[in-house]
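Text of work_39.txt, listed as compact mmCIF, N, CA and C atoms:
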```txt
# COMPACT_ATOMS: atom_id res chain seq x y z
N VAL P 140 0.83 -1.18 0.00
CA VAL P 140 0.00 0.00 0.00
C VAL P 140 0.87 1.25 0.00
N SER P 141 1.81 1.34 0.90
CA SER P 141 2.82 2.41 0.89
C SER P 141 4.07 1.82 1.50
N GLU P 142 5.14 2.59 1.54
CA GLU P 142 6.37 2.07 2.14
C GLU P 142 6.22 1.85 3.63
N SER P 143 5.30 2.58 4.28
CA SER P 143 5.19 2.48 5.72
C SER P 143 3.91 1.78 6.18
N LEU P 144 2.97 1.53 5.28
CA LEU P 144 1.71 0.89 5.65
C LEU P 144 1.41 -0.27 4.71
N ALA P 145 0.75 -1.28 5.25
CA ALA P 145 0.35 -2.44 4.46
C ALA P 145 -1.13 -2.71 4.68
N ALA P 146 -1.82 -3.09 3.62
CA ALA P 146 -3.23 -3.44 3.72
C ALA P 146 -3.34 -4.89 4.18
N VAL P 147 -4.22 -5.12 5.13
CA VAL P 147 -4.50 -6.48 5.60
C VAL P 147 -6.01 -6.63 5.73
N THR P 148 -6.48 -7.85 5.60
CA THR P 148 -7.90 -8.14 5.79
C THR P 148 -8.05 -9.02 7.01
N ILE P 149 -8.89 -8.55 7.94
CA ILE P 149 -9.14 -9.28 9.18
C ILE P 149 -10.64 -9.41 9.33
N GLY P 150 -11.13 -10.63 9.36
CA GLY P 150 -12.56 -10.84 9.53
C GLY P 150 -13.38 -10.18 8.44
N GLY P 151 -12.85 -10.13 7.22
CA GLY P 151 -13.57 -9.54 6.09
C GLY P 151 -13.47 -8.04 6.00
N ALA P 152 -12.76 -7.39 6.93
CA ALA P 152 -12.62 -5.93 6.92
C ALA P 152 -11.19 -5.55 6.53
N ASN P 153 -11.05 -4.44 5.82
CA ASN P 153 -9.74 -3.94 5.42
C ASN P 153 -9.15 -3.06 6.52
N HIS P 154 -7.86 -3.21 6.75
CA HIS P 154 -7.16 -2.41 7.75
C HIS P 154 -5.80 -2.04 7.21
N LEU P 155 -5.19 -1.01 7.76
CA LEU P 155 -3.83 -0.65 7.42
C LEU P 155 -2.96 -0.82 8.65
N ARG P 156 -1.83 -1.51 8.48
CA ARG P 156 -0.88 -1.73 9.58
C ARG P 156 0.46 -1.11 9.20
N ASP P 157 1.20 -0.67 10.23
CA ASP P 157 2.54 -0.15 9.95
C ASP P 157 3.54 -1.30 9.86
N THR P 158 4.80 -0.97 9.62
CA THR P 158 5.81 -2.02 9.42
C THR P 158 6.08 -2.84 10.68
N ASP P 159 5.66 -2.34 11.85
CA ASP P 159 5.80 -3.10 13.10
C ASP P 159 4.58 -3.98 13.37
N GLY P 160 3.58 -3.93 12.48
CA GLY P 160 2.37 -4.72 12.65
C GLY P 160 1.28 -4.03 13.44
N LYS P 161 1.53 -2.79 13.88
CA LYS P 161 0.54 -2.05 14.66
C LYS P 161 -0.60 -1.59 13.75
N LEU P 162 -1.84 -1.82 14.19
CA LEU P 162 -3.01 -1.39 13.44
C LEU P 162 -3.08 0.13 13.44
N CYS P 163 -3.05 0.74 12.25
CA CYS P 163 -3.05 2.20 12.14
C CYS P 163 -4.41 2.75 11.74
N ILE P 164 -5.03 2.08 10.80
CA ILE P 164 -6.32 2.55 10.29
C ILE P 164 -7.26 1.36 10.28
N ASN P 165 -8.33 1.48 11.02
CA ASN P 165 -9.31 0.41 11.17
C ASN P 165 -10.51 0.74 10.29
N CYS P 166 -10.81 -0.13 9.36
CA CYS P 166 -11.94 0.08 8.46
C CYS P 166 -13.02 -0.94 8.76
N SER P 167 -14.27 -0.59 8.48
CA SER P 167 -15.35 -1.54 8.68
C SER P 167 -15.37 -2.51 7.51
N GLY P 168 -16.19 -3.54 7.59
CA GLY P 168 -16.26 -4.56 6.55
C GLY P 168 -16.63 -4.04 5.18
N ASP P 169 -17.36 -2.93 5.12
CA ASP P 169 -17.79 -2.39 3.83
C ASP P 169 -16.82 -1.35 3.28
N ASP P 170 -15.81 -0.97 4.04
CA ASP P 170 -14.85 0.04 3.59
C ASP P 170 -13.86 -0.57 2.60
N SER P 171 -13.36 0.26 1.70
CA SER P 171 -12.34 -0.15 0.75
C SER P 171 -11.17 0.82 0.82
N VAL P 172 -9.97 0.31 0.60
CA VAL P 172 -8.77 1.13 0.59
C VAL P 172 -7.98 0.78 -0.66
N LYS P 173 -7.65 1.80 -1.47
CA LYS P 173 -6.81 1.58 -2.65
C LYS P 173 -5.36 1.87 -2.25
N PRO P 174 -4.41 1.39 -3.04
CA PRO P 174 -2.99 1.63 -2.72
C PRO P 174 -2.65 3.12 -2.66
N PHE P 175 -1.67 3.45 -1.83
CA PHE P 175 -1.19 4.83 -1.73
C PHE P 175 -0.47 5.23 -3.00
N SER P 176 -0.66 6.46 -3.40
CA SER P 176 0.12 7.07 -4.48
C SER P 176 0.31 8.53 -4.12
N GLU P 177 1.55 8.96 -4.16
CA GLU P 177 1.92 10.33 -3.82
C GLU P 177 1.44 10.73 -2.43
N GLY P 178 1.50 9.77 -1.50
CA GLY P 178 1.19 10.03 -0.10
C GLY P 178 -0.28 9.98 0.27
N LEU P 179 -1.15 9.66 -0.69
CA LEU P 179 -2.59 9.58 -0.42
C LEU P 179 -3.15 8.26 -0.91
N ALA P 180 -4.15 7.75 -0.18
CA ALA P 180 -4.86 6.54 -0.60
C ALA P 180 -6.34 6.85 -0.70
N ALA P 181 -6.96 6.38 -1.76
CA ALA P 181 -8.41 6.52 -1.90
C ALA P 181 -9.07 5.51 -0.96
N VAL P 182 -10.06 5.97 -0.22
CA VAL P 182 -10.82 5.11 0.68
C VAL P 182 -12.30 5.31 0.43
N CYS P 183 -13.05 4.24 0.64
CA CYS P 183 -14.49 4.30 0.45
C CYS P 183 -15.17 3.90 1.75
N ARG P 184 -16.07 4.74 2.19
CA ARG P 184 -16.87 4.47 3.38
C ARG P 184 -18.29 4.90 3.08
N ASN P 185 -19.24 4.02 3.33
CA ASN P 185 -20.65 4.31 3.05
C ASN P 185 -20.86 4.71 1.59
N GLU P 186 -20.14 3.99 0.70
CA GLU P 186 -20.26 4.17 -0.75
C GLU P 186 -19.80 5.54 -1.25
N LYS P 187 -19.01 6.25 -0.46
CA LYS P 187 -18.44 7.54 -0.87
C LYS P 187 -16.92 7.45 -0.76
N TRP P 188 -16.23 7.97 -1.80
CA TRP P 188 -14.78 7.94 -1.86
C TRP P 188 -14.15 9.26 -1.48
N GLY P 189 -12.98 9.19 -0.91
CA GLY P 189 -12.16 10.35 -0.58
C GLY P 189 -10.74 9.87 -0.39
N TYR P 190 -9.89 10.67 0.27
CA TYR P 190 -8.48 10.33 0.39
C TYR P 190 -7.97 10.55 1.80
N ILE P 191 -7.09 9.63 2.23
CA ILE P 191 -6.42 9.76 3.51
C ILE P 191 -4.92 9.83 3.27
N ASP P 192 -4.20 10.40 4.25
CA ASP P 192 -2.74 10.41 4.16
C ASP P 192 -2.19 9.18 4.88
N THR P 193 -0.89 9.04 4.91
CA THR P 193 -0.27 7.85 5.50
C THR P 193 -0.46 7.76 7.01
N GLY P 194 -0.89 8.85 7.63
CA GLY P 194 -1.20 8.83 9.05
C GLY P 194 -2.65 8.48 9.33
N GLY P 195 -3.44 8.29 8.25
CA GLY P 195 -4.85 7.94 8.40
C GLY P 195 -5.77 9.13 8.48
N LYS P 196 -5.24 10.34 8.34
CA LYS P 196 -6.06 11.55 8.42
C LYS P 196 -6.74 11.81 7.07
N GLU P 197 -8.02 12.10 7.13
CA GLU P 197 -8.76 12.42 5.91
C GLU P 197 -8.25 13.75 5.34
N ARG P 198 -7.77 13.71 4.10
CA ARG P 198 -7.22 14.90 3.45
C ARG P 198 -8.15 15.46 2.39
N ILE P 199 -8.91 14.60 1.75
CA ILE P 199 -9.92 15.02 0.78
C ILE P 199 -11.20 14.33 1.20
N PRO P 200 -12.28 15.09 1.42
CA PRO P 200 -13.52 14.52 1.97
C PRO P 200 -14.06 13.33 1.18
N LEU P 201 -14.69 12.42 1.89
CA LEU P 201 -15.32 11.25 1.28
C LEU P 201 -16.69 11.65 0.74
N ILE P 202 -16.68 12.22 -0.47
CA ILE P 202 -17.91 12.74 -1.08
C ILE P 202 -18.08 12.30 -2.53
N TYR P 203 -17.16 11.48 -3.05
CA TYR P 203 -17.16 11.15 -4.46
C TYR P 203 -17.70 9.75 -4.73
N ALA P 204 -18.28 9.57 -5.92
CA ALA P 204 -18.79 8.25 -6.32
C ALA P 204 -17.66 7.33 -6.75
N ARG P 205 -16.57 7.91 -7.30
CA ARG P 205 -15.39 7.15 -7.72
C ARG P 205 -14.15 7.98 -7.47
N ALA P 206 -13.03 7.30 -7.27
CA ALA P 206 -11.77 8.00 -7.03
C ALA P 206 -10.63 7.21 -7.63
N GLY P 207 -9.71 7.91 -8.29
CA GLY P 207 -8.55 7.27 -8.90
C GLY P 207 -7.30 7.48 -8.07
N ARG P 208 -6.18 7.01 -8.61
CA ARG P 208 -4.89 7.18 -7.95
C ARG P 208 -4.22 8.45 -8.45
N PHE P 209 -3.46 9.09 -7.56
CA PHE P 209 -2.74 10.30 -7.94
C PHE P 209 -1.53 9.96 -8.79
N LYS P 210 -1.28 10.78 -9.80
CA LYS P 210 -0.09 10.68 -10.64
C LYS P 210 0.26 12.09 -11.09
N GLY P 211 1.49 12.50 -10.80
CA GLY P 211 1.89 13.85 -11.17
C GLY P 211 1.10 14.93 -10.44
N GLY P 212 0.64 14.60 -9.22
CA GLY P 212 -0.09 15.56 -8.41
C GLY P 212 -1.55 15.72 -8.79
N ARG P 213 -2.07 14.85 -9.67
CA ARG P 213 -3.46 14.95 -10.11
C ARG P 213 -4.13 13.58 -10.12
N THR P 214 -5.45 13.61 -9.99
CA THR P 214 -6.26 12.40 -10.12
C THR P 214 -7.63 12.79 -10.65
N THR P 215 -8.35 11.80 -11.12
CA THR P 215 -9.74 12.05 -11.52
C THR P 215 -10.67 11.41 -10.51
N VAL P 216 -11.77 12.09 -10.26
CA VAL P 216 -12.83 11.58 -9.40
C VAL P 216 -14.15 11.79 -10.13
N THR P 217 -15.15 11.08 -9.71
CA THR P 217 -16.49 11.25 -10.26
C THR P 217 -17.40 11.67 -9.13
N ASP P 218 -18.13 12.77 -9.33
CA ASP P 218 -19.05 13.22 -8.28
C ASP P 218 -20.33 12.39 -8.33
N VAL P 219 -21.24 12.63 -7.38
CA VAL P 219 -22.46 11.83 -7.28
C VAL P 219 -23.40 12.03 -8.45
N ASN P 220 -23.18 13.09 -9.24
CA ASN P 220 -24.00 13.35 -10.42
C ASN P 220 -23.40 12.76 -11.69
N GLY P 221 -22.26 12.07 -11.56
CA GLY P 221 -21.62 11.45 -12.70
C GLY P 221 -20.63 12.33 -13.43
N ASN P 222 -20.35 13.52 -12.90
CA ASN P 222 -19.39 14.43 -13.53
C ASN P 222 -17.97 14.03 -13.14
N GLU P 223 -17.08 13.95 -14.14
CA GLU P 223 -15.68 13.65 -13.88
C GLU P 223 -14.93 14.94 -13.59
N LEU P 224 -14.16 14.93 -12.51
CA LEU P 224 -13.42 16.11 -12.07
C LEU P 224 -11.95 15.75 -11.93
N ILE P 225 -11.08 16.76 -12.04
CA ILE P 225 -9.66 16.57 -11.81
C ILE P 225 -9.30 17.27 -10.51
N LEU P 226 -8.68 16.51 -9.59
CA LEU P 226 -8.21 17.07 -8.32
C LEU P 226 -6.70 17.22 -8.38
N LYS P 227 -6.19 18.29 -7.78
CA LYS P 227 -4.75 18.53 -7.70
C LYS P 227 -4.33 18.60 -6.25
N ILE P 228 -3.12 18.06 -5.97
CA ILE P 228 -2.58 18.19 -4.61
C ILE P 228 -1.40 19.12 -4.64
```

Structure translated into structure tokens:
Amino acid sequence: VSESLAAVTIGGANHLRDTDGKLCINCSGDDSVKPFSEGLAAVCRNEKWGYIDTGGKERIPLIYARAGRFKGGRTTVTDVNGNELILKI
């Protein structure tokens, strides 16, 4: 997932652990986490996507219907109305 965090599945739920095995980000069974890119990972909670940093802090609100990976400081997301948007970090 990132150099400092790894995705693991426990009891059907996705979680992020650090290199020492400590649970850093606890997700419910319906949450999804995409791999980190440029320090951010797309996460889905309650069918809405947004982004967290490597510390687990929400950096971009979970308000999107779809979310891509960052490349060159940009990514595409889809809002709830189906409009594709470009986000910059």

(request) For Lys187 of chain P, list every protein, DNA or RNA residue within 6 Å, evaluated using only N, CA and C atoms, and leave out those in the same chain fewer than 4 positions away; present the list as a list in words. (result) Val182, Cys183, Leu201, Ile202, Tyr203 and Ala204 of chain P

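The closest residue to Lys210 of chain P, picked from P:Thr158, P:Ile191, P:Glu177, P:Ile149 and counting all atoms listed in the file, is P:Glu177.
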
(request) Go through segment 142-228 of chain P and collect every residue that DSSP, computed from the backbone, puts in strand (DSSP E); the answer should be as an NGL selection string. (result) :P and (144-149 or 152-157 or 162-165 or 171-172 or 179-184 or 187-192 or 197-203 or 205-206 or 213-217 or 223-227)

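Put simply, atom CA of Ile228 of chain P is 12.5 Å away from atom CA of Ala180 of chain P.
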
(message) Env of Thr215 of chain P: 6 Å cut, atoms = all atoms listed in the file, seq-sep filter 2 positions within chain, self excluded. Answer as an NGL selection string.
(response) :P and (205-208 or 213 or 217 or 224-226)

(request) Just give me the gap between atom N of Asp170 of chain P and atom CA of Arg184 of chain P in Å, one decimal is fine. (result)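 Atom N of Asp170 of chain P sits 5.6 Å away from atom CA of Arg184 of chain P.
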
(message) Please compute the atom CA of Val172 of chain P-atom CA of Asp159 of chain P distance, one decimal, in Å.
(response)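 Answer for the atom CA of Val172 of chain P to atom CA of Asp159 of chain P separation: 19.7 Å.
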